[in-house]
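A.B. asks: Can you read through this structure? Questions will come right after.
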Amino acid sequence: MAIIGPSGCGKTTLLYILAGLTAHVMGTVMVNGKHLKGPSRDTSFILQDFGLLPWKTVWQNVCLGMKLRGVSRKDQKSTAEALLEGLGLAGHRDYYPTRLSGGEKQRVAIARVLALKPKILLMDEPFSSLDTFSREKLQNTLLEIRELNRLTMIIVTHSIEEAVFLGNKIMVMSQRPAQVKAIVANPNAGHPSYRSEDTFFATCRKIREMVEET
Amino acid sequence: MNSTRTTFSYILSFALVILVWKVAAMGVSSPVLPPPEEALHAFMASASTMMFWKHFGISAYRVIVSIVVAWCLAFPAGIIIGYSRRIDMIISPMIFMTYPIPKVVLLPVILLLFGLGDFSKIVLIGIILFFQILVATRDGVKSIDEKYYDSLLSMGATDWDIIREVVFPAALPHSFTALRITTGTAISVLFFVESFATTSGLGYMIMDSWARAAYTEIFVGIIGMSILGLALYETFRYLERKVCPWRAIEGEKRDEEPTATSVTHVLSRIVIYARMIKFSHTVFALPFALASLVLVWRIAPLDSNTVFWVIMAMVGSRSAAMGFNRYADAAIDSKNERTAVRELPAGTISRHDVAIFIVVSSLLFVGSAAMLSLLCFWLSFPVLLILFFYSYTKRFTWLSHIILGFGISLVPMAVWVAVAGTLSPRIAVLSLFLMTYIAGFDILYACQDIDFDRQEKLYSIPAVFGIKNALRVSTLLHIVSVLFLASLYWIFALHPVFLAFVVVIAVLFFIEHRLVEPDDLEKINIAFYHINSVISVLLFVAILAGELLRGVL
């Protein structure tokens, strides 16, 4: 699912509520039939600027979540090695984040949450600071990861193309007071080739019209 | 890179301090302010006594214990106050109220409570440092970006996890910065507590010398305290790099910390000037002057004043010549890819600044010459003229390499005139060595610019005669220069060990020429920089050893 809407309409706040970081004022959050009280083990959250700790190396950042959950060192090692290898970061394991490019930082952040084997992945404008090429490459990577791990992803974005490319459902939010304007079904999303299909452009146009109305 | 830059700025600022001190001492001309060489001499003499190190050790002990204890208490406290909003609300107003009160006034109270021993000294220094570190740590924690907390909370972190993984490492560099900055305060308070009611420590040493009107000894204590402060400062910087390695990388990117403003600004300006005139090369040219001093020593006595002004004249003339060369050639340099990065064409310094720099350097040279003798003063003007003239020679003659060699070869003769008051054909042989040696490698250097020089119609041996011939000329010059060098053995009747050094230097010349090949000029810079610096130091050591061992074996 992709969430799109004008600045300040509460997209990020919504993610914080879903992550259990902000107490919701009214209403309840149900995850798989259970009430959400505080951060859940099944949910992982990638913040807007990735939230990598500058004083930890790539390796330590990837292992951090596992360390907090008391995963044994041996399991931390095998999981982190496999993830860094898969995301093409094996050569950067001892780098500090300041030495990484934006795309590399994002991949480290992805590795860090995947290490926790979540069922739901929340992402706040994950690719906004990247150039077009790294963005499209990482979007493809994200699709693979979703298929491989059978993840539910909720992604907040400013980019209409990104929302349409990644979201099987696209939630359009309106200007303050924030309301859900529509949830558009987008069943063809999920394949790298979708970017050049006619339905992709048609859906983009439709979403653009809706956003501009708000 | 960064550490060489630091060493470099240390050497420069040290030289600057010594120079200002020297000038001030001459201006005041009173035993109260002894000249730097006298103070340094007295310091060296003291440094070989146990007494000095006893005082130094006690002072170091007092200040280090204070620092360690203050940090161990203030850092955890700062973390707790910074992290917990509730504790911060209660404690911070108290801290900020007491913060501006000068804690040194507590000294009498502390002395009454804890006695006259080391303990009360440590307590007072400790209290002052405690507050500094506490406030810096607390502010450091407060400045942590919320996103780090959120990112950990979303992974289910507890308060303790957050303190351990985020707050502690984020606050650590702030506490180290505070330690570094408070070094000055710590040493000042140390002096204050040691200035009475004690008979040990550097502070006592200074006050005691004062009471005995032993003015030079005051400076021994002052130099001791400066060294202690400097050592602490550098230790903290080193620890900060070791304990917070991610900061070093950030530092490389930003180059300088934002907190360090005017002092580093001045220092970085000095470093830019130094780089412009390749000050490091002056350091390598100095051995020529020192070697000449060793040779002239035989016929005329030397004193520290002469050595000092010879070095100053060397630094001044070299800086002026190099600065003028950059100034005159700025337009040419900016067109050449290799030299376009130089400070003036790259716009790091303005023409106006360079002009001022040249004037100041020239004044240093003429002034130093005047301090040596009246003859030197008059001779300094034609010398300056020759040095400046060199910069224009490549516009009309391929003999420019020889003119450069001639300019530098003036050093031994100038030293001879400065000390002995006359010239001697014997020292001219050392000059001939220098001239052929430097002309030879300047030709190697010019090989890099052959295409550019031809295009700009500039004269150099490679540009006029081709690279192959240029390398031949250079080889020939260096063979001649080794012969001149070897002949010094007979002319000055030096110890045979001198010849052994000459062989080593000859081998280095050989390696230098082997490194440079007509179709591969890449290595010229390496050949130039490293080997030449070794050769110049070897020359000095060779002459020194040859002279000192003369008549021994």
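Naming works like this for the structure tokens: A, B, ... for the chains as they're shown, residue 1 at the start of each chain, ligands 1 onward in shown order.
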Residues of chain A were defined as contacting chain B if any atom lay at most 7 Å from it, counting only C-alpha atoms; please report them as a ChimeraX atom specification.
C.D. replies: /A:19,21,39,44-45,47,51,53-55,65,68,96,98
A.B. asks: Any chance you can output those residues with all heavy atoms as a CSV table (one decimal), in the first residue's frame?
C.D. replies:
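The result, stored in again-v2.csv:
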chain,number,residue,atom,x,y,z
A,19,ALA,N,3.3,2.4,13.8
A,19,ALA,CA,4.5,1.8,14.4
A,19,ALA,C,4.4,1.7,15.9
A,19,ALA,O,5.2,1.1,16.6
A,19,ALA,CB,5.7,2.7,14.0
A,21,LEU,N,4.5,4.3,17.9
A,21,LEU,CA,5.4,5.3,18.6
A,21,LEU,C,4.6,6.5,19.1
A,21,LEU,O,5.1,7.2,20.0
A,21,LEU,CB,6.5,5.8,17.6
A,21,LEU,CG,7.5,4.8,17.2
A,21,LEU,CD1,8.4,5.4,16.1
A,21,LEU,CD2,8.4,4.5,18.3
A,39,PRO,N,5.3,-0.3,20.3
A,39,PRO,CA,5.9,-0.9,19.1
A,39,PRO,C,5.8,-2.5,19.2
A,39,PRO,O,5.8,-3.1,20.2
A,39,PRO,CB,7.4,-0.6,19.3
A,39,PRO,CG,7.4,0.7,20.2
A,39,PRO,CD,6.2,0.5,21.1
A,44,SER,N,8.2,-3.2,11.4
A,44,SER,CA,9.5,-2.4,11.4
A,44,SER,C,9.3,-1.1,10.6
A,44,SER,O,8.4,-1.1,9.7
A,44,SER,CB,10.6,-3.3,10.6
A,44,SER,OG,11.1,-4.2,11.5
A,45,PHE,N,10.1,-0.1,11.0
A,45,PHE,CA,9.8,1.2,10.5
A,45,PHE,C,11.1,1.8,10.0
A,45,PHE,O,12.1,1.8,10.8
A,45,PHE,CB,9.3,2.0,11.7
A,45,PHE,CG,8.8,3.4,11.4
A,45,PHE,CD1,8.7,3.8,10.1
A,45,PHE,CD2,8.5,4.3,12.4
A,45,PHE,CE1,8.3,5.1,9.8
A,45,PHE,CE2,8.1,5.6,12.1
A,45,PHE,CZ,8.0,6.0,10.8
A,47,LEU,N,12.7,5.3,9.0
A,47,LEU,CA,12.4,6.7,9.1
A,47,LEU,C,12.9,7.4,7.9
A,47,LEU,O,13.7,6.9,7.1
A,47,LEU,CB,13.1,7.3,10.3
A,47,LEU,CG,12.3,7.1,11.6
A,47,LEU,CD1,12.7,5.8,12.3
A,47,LEU,CD2,12.6,8.3,12.6
A,51,GLY,N,17.6,7.0,9.9
A,51,GLY,CA,17.9,6.8,11.3
A,51,GLY,C,19.1,5.9,11.6
A,51,GLY,O,19.1,5.2,12.6
A,53,LEU,N,22.7,5.1,12.9
A,53,LEU,CA,23.5,5.8,14.0
A,53,LEU,C,24.8,6.1,13.4
A,53,LEU,O,25.6,5.2,13.0
A,53,LEU,CB,23.6,4.9,15.2
A,53,LEU,CG,22.2,4.5,15.8
A,53,LEU,CD1,22.4,3.6,17.0
A,53,LEU,CD2,21.4,5.7,16.2
A,54,PRO,N,25.2,7.4,13.4
A,54,PRO,CA,26.5,7.7,12.8
A,54,PRO,C,27.7,7.1,13.5
A,54,PRO,O,28.8,7.0,12.9
A,54,PRO,CB,26.6,9.3,12.9
A,54,PRO,CG,25.5,9.6,13.9
A,54,PRO,CD,24.5,8.5,13.9
A,55,TRP,N,27.6,6.7,14.8
A,55,TRP,CA,28.7,6.2,15.5
A,55,TRP,C,28.8,4.7,15.4
A,55,TRP,O,29.6,4.1,16.1
A,55,TRP,CB,28.7,6.6,17.0
A,55,TRP,CG,27.3,6.6,17.6
A,55,TRP,CD1,26.7,5.5,18.1
A,55,TRP,CD2,26.4,7.6,17.6
A,55,TRP,NE1,25.4,5.8,18.5
A,55,TRP,CE2,25.2,7.1,18.2
A,55,TRP,CE3,26.4,9.0,17.3
A,55,TRP,CZ2,24.1,7.9,18.4
A,55,TRP,CZ3,25.3,9.7,17.5
A,55,TRP,CH2,24.1,9.2,18.1
A,65,GLY,N,19.2,-3.9,15.7
A,65,GLY,CA,17.9,-4.4,16.1
A,65,GLY,C,17.9,-5.8,16.7
A,65,GLY,O,17.3,-6.1,17.7
A,68,LEU,N,19.2,-5.6,20.2
A,68,LEU,CA,18.1,-5.1,21.1
A,68,LEU,C,17.1,-6.3,21.5
A,68,LEU,O,16.6,-6.3,22.6
A,68,LEU,CB,17.4,-3.9,20.5
A,68,LEU,CG,18.2,-2.7,20.3
A,68,LEU,CD1,17.3,-1.6,19.7
A,68,LEU,CD2,18.8,-2.2,21.6
A,96,TYR,N,31.6,3.8,8.3
A,96,TYR,CA,30.6,4.6,9.1
A,96,TYR,C,29.7,5.2,8.1
A,96,TYR,O,30.1,5.5,7.0
A,96,TYR,CB,31.3,5.6,9.9
A,96,TYR,CG,32.1,5.0,11.1
A,96,TYR,CD1,33.4,4.8,11.1
A,96,TYR,CD2,31.3,4.6,12.2
A,96,TYR,CE1,34.1,4.2,12.2
A,96,TYR,CE2,32.0,4.0,13.3
A,96,TYR,CZ,33.3,3.8,13.3
A,96,TYR,OH,34.0,3.2,14.3
A,98,THR,N,28.6,8.1,7.4
A,98,THR,CA,29.0,9.3,6.8
A,98,THR,C,29.7,9.1,5.4
A,98,THR,O,29.8,9.9,4.6
A,98,THR,CB,29.9,10.2,7.6
A,98,THR,OG1,30.7,9.4,8.5
A,98,THR,CG2,29.1,11.2,8.4
A.B. asks: Near Gly103 in chain A, counting only C-alpha atoms, which residues have an atom at most 12 Å away, once you skip same-chain residues fewer than 6 positions from it, shown as a list in words?
C.D. replies: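 My list of contacting residues is Asp49, Phe50, Leu87, Gly88, Leu89, Pro97, Ala109, Ile110, Pro126, Phe127, Ser128, Ser129, Leu130, Asp131, Thr132, Phe133, Ser134, Arg135, Glu136, Lys137, Leu138, Gln139 and Thr141 of chain A.
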A.B. asks: Tell me which protein, DNA and RNA residues are within 9 Å of Cys63 in chain A, counting only C-alpha atoms, leaving out same-chain ones fewer than 6 positions away, and put them as JSON, numbers by chain.
C.D. replies: {"A": [76, 77, 79, 80, 112, 115]}
A.B. asks: Take the residues just selected and output them with C-alpha atoms as a PDB file, in the first residue's frame.
C.D. replies:
ATOM      1  CA  GLN A  76      23.359 -11.994  14.281  1.00  0.00           C
ATOM      2  CA  LYS A  77      26.456 -12.793  12.277  1.00  0.00           C
ATOM      3  CA  THR A  79      21.792 -13.000   9.279  1.00  0.00           C
ATOM      4  CA  ALA A  80      23.800  -9.808   8.801  1.00  0.00           C
ATOM      5  CA  ARG A 112      18.644  -3.434   9.494  1.00  0.00           C
ATOM      6  CA  ALA A 115      17.224  -8.601  10.001  1.00  0.00           C
TER       7      ALA A 115
END
A.B. asks: To one decimal place in Å, what is the distance between CA of Met123 in chain A and CA of Ile46 in chain A?
C.D. replies: 4.8 Å
A.B. asks: Give me the residues near Arg138 in chain B as a tab-separated table (two decimals) with all heavy atoms, in the first residue's frame, where near means some atom within 7 Å (using only C-alpha atoms) and where sequence neighbours in that chain fewer than 3 positions away do not count.
C.D. replies:
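Final output, result27.tsv:
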chain	number	residue	atom	x	y	z
B	78	GLY	N	25.89	14.33	33.40
B	78	GLY	CA	25.42	15.09	32.25
B	78	GLY	C	24.47	14.28	31.40
B	78	GLY	O	23.47	14.79	30.88
B	79	ILE	N	24.76	12.99	31.24
B	79	ILE	CA	23.90	12.12	30.45
B	79	ILE	C	22.52	11.99	31.08
B	79	ILE	O	21.49	12.13	30.42
B	79	ILE	CB	24.55	10.73	30.29
B	79	ILE	CG1	25.66	10.81	29.26
B	79	ILE	CG2	23.52	9.68	29.90
B	79	ILE	CD1	26.24	9.49	28.88
B	81	ILE	N	21.07	14.04	33.28
B	81	ILE	CA	20.34	15.31	33.26
B	81	ILE	C	19.83	15.60	31.85
B	81	ILE	O	18.71	16.06	31.64
B	81	ILE	CB	21.25	16.47	33.75
B	81	ILE	CG1	21.64	16.21	35.20
B	81	ILE	CG2	20.54	17.80	33.62
B	81	ILE	CD1	22.69	17.15	35.73
B	82	GLY	N	20.68	15.31	30.85
B	82	GLY	CA	20.27	15.60	29.48
B	82	GLY	C	19.15	14.68	29.01
B	82	GLY	O	18.29	15.09	28.24
B	134	LEU	N	30.07	18.87	32.66
B	134	LEU	CA	28.66	18.59	32.89
B	134	LEU	C	27.78	19.35	31.90
B	134	LEU	O	26.91	18.78	31.24
B	134	LEU	CB	28.28	18.98	34.32
B	134	LEU	CG	26.84	18.70	34.72
B	134	LEU	CD1	26.67	17.20	34.97
B	134	LEU	CD2	26.45	19.47	35.97
B	135	VAL	N	28.03	20.65	31.78
B	135	VAL	CA	27.19	21.47	30.91
B	135	VAL	C	27.35	21.04	29.44
B	135	VAL	O	26.38	20.90	28.71
B	135	VAL	CB	27.52	22.97	31.10
B	135	VAL	CG1	26.81	23.81	30.06
B	135	VAL	CG2	27.12	23.41	32.50
B	141	VAL	N	23.67	15.96	24.87
B	141	VAL	CA	22.55	15.02	24.87
B	141	VAL	C	21.29	15.70	24.35
B	141	VAL	O	20.53	15.14	23.58
B	141	VAL	CB	22.32	14.46	26.30
B	141	VAL	CG1	21.11	13.57	26.33
B	141	VAL	CG2	23.56	13.70	26.76
B	142	LYS	N	21.10	16.97	24.78
B	142	LYS	CA	19.91	17.70	24.34
B	142	LYS	C	19.88	17.88	22.83
B	142	LYS	O	18.81	18.01	22.24
B	142	LYS	CB	19.90	19.10	25.00
B	142	LYS	CG	19.50	19.06	26.45
B	142	LYS	CD	18.01	19.22	26.61
B	142	LYS	CE	17.58	18.81	28.00
B	142	LYS	NZ	16.24	18.28	28.06
A.B. asks: Using only C-alpha atoms, which residues sit within 7 Å of range 4-7 of chain A once same-chain residues fewer than 3 positions away are excluded, as a ChimeraX atom specification?
C.D. replies: /A:156-158,163,171-175,211
A.B. asks: Quick one: distance from CA of Ile80 in chain B to CA of Arg69 in chain A in Å, one decimal?
C.D. replies: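 Between these atoms lies a distance of 23.9 Å.
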A.B. asks: Determine which residues of chain A DSSP labels as helix (DSSP H, G or I) from the backbone of this structure, then write them out as number ranges by chain.
C.D. replies: A: 11-19, 58-68, 73-86, 90-92, 97-99, 102-114, 132-149, 160-166, 192-196, 198-213
A.B. asks: List the neighbours of range 441-457 of chain B out to 10 Å using only C-alpha atoms; skip same-chain residues closer than 5 positions along the sequence, and give me the result as number ranges by chain.
C.D. replies: B: 332, 335-339, 394-396, 398, 400-402, 404-405, 436, 462-464, 466-468, 470-471, 473-475, 477-478, 509, 512-513, 516, 518, 520-522, 524-525, 527-528, 532
A.B. asks: May I have the residues within 12 Å of Val68 in chain B as a list in words, using only C-alpha atoms and disregarding those fewer than 4 positions away in the same chain?
C.D. replies: Ala60, Tyr61, Arg62, Val63, Ile64, Cys72, Leu73, Ala74, Phe75, Ile122, Val123, Ile125, Gly126, Ile127, Leu129, Phe130, Ile133, Ser175, Phe176, Leu179, Ala186, Leu232 and Phe236 of chain B
A.B. asks: For the residues selected in the previous step, produce a file with C-alpha atoms as a JSON list (two decimals), in the first residue's frame.
C.D. replies:
[["chain", "number", "residue", "atom", "x", "y", "z"],
["B", 60, "ALA", "CA", 50.91, 16.60, 36.15],
["B", 61, "TYR", "CA", 49.61, 14.34, 38.90],
["B", 62, "ARG", "CA", 47.42, 17.06, 40.39],
["B", 63, "VAL", "CA", 45.89, 18.13, 37.14],
["B", 64, "ILE", "CA", 45.42, 14.64, 35.65],
["B", 72, "CYS", "CA", 34.03, 10.28, 35.71],
["B", 73, "LEU", "CA", 31.50, 12.24, 37.77],
["B", 74, "ALA", "CA", 30.37, 14.86, 35.27],
["B", 75, "PHE", "CA", 29.89, 12.70, 32.19],
["B", 122, "ILE", "CA", 42.60, 18.47, 43.23],
["B", 123, "VAL", "CA", 39.17, 19.34, 44.63],
["B", 125, "ILE", "CA", 40.55, 22.07, 39.89],
["B", 126, "GLY", "CA", 38.07, 19.20, 39.83],
["B", 127, "ILE", "CA", 35.05, 21.35, 40.75],
["B", 129, "LEU", "CA", 36.25, 21.14, 35.37],
["B", 130, "PHE", "CA", 33.21, 19.23, 36.62],
["B", 133, "ILE", "CA", 32.11, 18.93, 31.35],
["B", 175, "SER", "CA", 32.63, 15.62, 26.68],
["B", 176, "PHE", "CA", 35.99, 15.22, 24.95],
["B", 179, "LEU", "CA", 37.99, 18.38, 28.10],
["B", 186, "ALA", "CA", 42.80, 23.49, 34.24],
["B", 232, "LEU", "CA", 47.15, 17.17, 27.74],
["B", 236, "PHE", "CA", 42.51, 14.47, 24.53]]
A.B. asks: Please determine, counting only C-alpha atoms, which residue among A:Val62, A:Cys204, A:Val71, A:Leu142 has the shortest atom-to-atom distance to Ala90 in chain A.
C.D. replies: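 Among the listed residues, A:Val62 lies closest to Ala90 in chain A.
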A.B. asks: Looking only at the backbone, which of the residues in chain A does DSSP tag as strand (DSSP E or B), as a VMD selection string?
C.D. replies: chain A and resid 2 to 4 30 to 31 34 to 35 43 to 46 120 to 124 152 to 157 169 to 173 180 to 185
A.B. asks: Ranking A:Leu100, A:Leu151, A:Leu15, A:Ile3 by minimum distance to Leu122 in chain A and counting only C-alpha atoms, which one comes first?
C.D. replies: A:Leu15
